[in-house]
Amino acid sequence: MDLRTRTTTGARPRPLIVTSDATLLDDLLRLAAAGSVEVTVAPDPRSAISDWNAAPFVLVGVDSVQRCATAELSTRTAVILVTRPGRPDPPWRSAEKLRIEHVAVLPEAEAWLVDRFADHAAGSPSRGRVVGVVGGSGGAGASVLAAGLAVSARRRDLDTLLVDGDPLGGGVDLVLGWERLAGVRWPDLVDARGRVSPPALVQALPGAGSLAVLSFDRTELRGVPPEAMAAALDAGRRGRDLIVVDLPRHFDDASLLALTAAERCYLVVAAEPRACAAAARVAAVAVRHCPALSVVVRASARPSIRPPEVAAALNLPLVGLLPDDRDLPRSMAAGRPPAAGGRGPLADLCHRLLADMTPRHRAAAR
């Protein structure tokens, strides 16, 4: 199979790779082969013009971002920036002009890219959208926001999967009050490889109604293999409308893979100087993998820094305030998940953040 074949008239459009980096190209061709798909290769933006609009998605090497941005290529969706650790940071203004949707950092994102190629080969694009939540410091409230988003998505009639990506977080099922529900948890999936049947996975997970959760339990498990995370995300994207991932502050390979797959990520930061300084370190890593990173400031009765100042210090957009709810611990102890009532500041924040997260298959149907 000639993986570098150009798209011919009447043929099904192929994914497009734009890069002059021979080593990066070899890696991407290998991943395309693993996903059983042929691609079109363009060494420069001029060569990419004829295939730019027709390609189902475009992979742009970090070496070609600036040239593509100045080549007056038409605006399109599904553009993915591909880079490696140690490479110079991408020119983000150029990336924004190209409307880069994802940043795939190899080798962590290899499994995710293989899945993306395989989706195209199978002719069944994924429906689910991935959102990440990460705390800027310990106890910032990231798990509460992640759980609140998942619960609110269920109230919006979205089939939702809440994924626990923090092996040291104690288990996000505790936040929902579902720790006693029977079902599969991460220790049962650490040997997962390749594709997982979405109905089988969702049915095996603890859940209620249209919300399922994949959580750590209280047994010792240092982390999740990237292959298991890739399999779970693939199943979620195929079987759910929304996947919310509760991410750790200290990223491992699995959480970086999830972060790369996320369309957006919310960094939860307490309004105090030390928390803001800690969050800057988390943001420096997170934004390289998910450029659509924004700040949710945890409110307090006497904040030492105003929320806009927190966002300005981190050079990130501010999208909302996470309320300091003193009744939340008591509600969680009684088995009531965050935002379960559908009213109040937390529920309002979650509904606002979810307002434009229409599932792909429903948007296509409209």
# chains A, B, ... in the order shown; residues from 1 in each chain; ligands from 1
>>> select_by_dssp(residues="segment 136-352 of chain A", states="helix (DSSP H, G or I)", output="ChimeraX atom specification")
/A:142-155,172-176,186-189,198-204,226-239,253-261,273-289,307-314,328-333,345-352
>>> closest_residue(among="A:Leu73, A:Ala55, A:Val105, A:Val172", to="His120 of chain A", atoms="only C-alpha atoms")
A:Ala55
>>> closest_atom_pairs(of="segment 36-150 of chain A", to="segment 338-358 of chain A", cutoff="7 Å", atoms="only C-alpha atoms", output="CSV")
residue,atom,partner,partner_atom,distance
A:Val144,CA,A:Pro338,CA,6.5
A:Ala147,CA,A:Pro338,CA,6.4
A:Gly148,CA,A:Pro338,CA,5.0
A:Leu149,CA,A:Cys350,CA,5.2
>>> residues_around(residues="Val58 of chain A", least_positions_apart="6", cutoff="9 Å", atoms="only C-alpha atoms", output="PyMOL selection string")
chain A and resi 15-18+52+77-81
>>> residues_around(residues="segment 233-248 of chain A", least_positions_apart="5", cutoff="9 Å", atoms="only C-alpha atoms", output="ChimeraX atom specification")
/A:112,115,124-135,142-143,145-147,149-150,153,158-169,172,194-199,201-202,210,228,255-256,258-259,261-262,357-361
>>> closest_residue(among="A:Asp327, A:Asp27, A:Asp44, A:Glu263", to="Ala69 of chain A", atoms="only C-alpha atoms")
A:Asp44
>>> closest_residue(among="A:Asp173, A:Asp253, A:Glu220, A:Glu227", to="Arg336 of chain A", atoms="only C-alpha atoms")
A:Asp173
>>> closest_residue(among="A:Ala286, A:Gly183, A:Pro337, A:Pro43", to="Ser152 of chain A", atoms="only C-alpha atoms")
A:Pro337
>>> atom_distance(atom1="atom CA of Phe251 of chain A", atom2="atom CA of Val282 of chain A")
8.8 Å
>>> atom_distance(atom1="atom CA of Ala109 of chain A", atom2="atom CA of Ala32 of chain A")
13.0 Å
>>> atom_distance(atom1="atom CA of Arg154 of chain A", atom2="atom CA of Leu211 of chain A")
6.1 Å
>>> closest_residue(among="A:Leu24, A:Leu257, A:Cys68, A:Leu174", to="Val82 of chain A", atoms="only C-alpha atoms")
A:Leu24
>>> residues_around(residues="segment 310-312 of chain A", least_positions_apart="5", cutoff="7 Å", atoms="only C-alpha atoms", output="mmCIF file with C-alpha atoms, in the first residue's frame")
data_model
loop_
_atom_site.group_PDB
_atom_site.id
_atom_site.type_symbol
_atom_site.label_atom_id
_atom_site.label_comp_id
_atom_site.auth_asym_id
_atom_site.auth_seq_id
_atom_site.Cartn_x
_atom_site.Cartn_y
_atom_site.Cartn_z
ATOM 1 C CA ALA A 271 -7.672 32.938 44.411
ATOM 2 C CA CYS A 276 -1.639 30.904 41.468
ATOM 3 C CA VAL A 295 -9.272 29.323 33.974
ATOM 4 C CA ILE A 305 -6.451 38.006 44.498
ATOM 5 C CA PRO A 317 -8.975 33.422 29.597
ATOM 6 C CA LEU A 318 -11.273 33.448 32.616
#
>>> residues_around(residues="Glu179 of chain A", least_positions_apart="2", cutoff="10 Å", atoms="only C-alpha atoms", output="number ranges by chain")
A: 171-177, 181-183, 206, 215-218, 335
>>> write_last_selection(atoms="C-alpha atoms", output="PDB file, in the first residue's frame")
ATOM      1  CA  GLY A 171     -11.536   7.915  43.213  1.00  0.00           C
ATOM      2  CA  VAL A 172     -13.959  10.285  41.516  1.00  0.00           C
ATOM      3  CA  ASP A 173     -16.769   7.822  42.263  1.00  0.00           C
ATOM      4  CA  LEU A 174     -16.525   9.083  45.863  1.00  0.00           C
ATOM      5  CA  VAL A 175     -17.389  12.596  44.674  1.00  0.00           C
ATOM      6  CA  LEU A 176     -20.532  11.217  43.051  1.00  0.00           C
ATOM      7  CA  GLY A 177     -21.343   9.070  46.064  1.00  0.00           C
ATOM      8  CA  LEU A 181     -22.056   0.783  43.033  1.00  0.00           C
ATOM      9  CA  ALA A 182     -20.874  -2.409  41.375  1.00  0.00           C
ATOM     10  CA  GLY A 183     -19.023  -2.192  38.084  1.00  0.00           C
ATOM     11  CA  PRO A 206     -20.935   2.041  37.540  1.00  0.00           C
ATOM     12  CA  SER A 215     -12.856   5.519  38.362  1.00  0.00           C
ATOM     13  CA  PHE A 216      -9.959   4.305  40.440  1.00  0.00           C
ATOM     14  CA  ASP A 217     -10.859   2.289  43.493  1.00  0.00           C
ATOM     15  CA  ARG A 218      -9.180   2.202  46.886  1.00  0.00           C
ATOM     16  CA  GLY A 335     -24.670  10.629  48.476  1.00  0.00           C
TER      17      GLY A 335
END
>>> select_by_dssp(residues="segment 83-287 of chain A", states="strand (DSSP E)", output="MDAnalysis selection string")
chainID A and resid 83 100:105 129:135 160:164 207:208 211:214 242:247 264:270
>>> closest_residue(among="A:Arg30, A:Arg87, A:Arg222, A:Arg264", to="His102 of chain A", atoms="only C-alpha atoms")
A:Arg264
>>> residues_around(residues="Val65 of chain A", least_positions_apart="6", cutoff="8 Å", atoms="only C-alpha atoms", output="NGL selection string")
:A and (81 or 90-91 or 94-95)
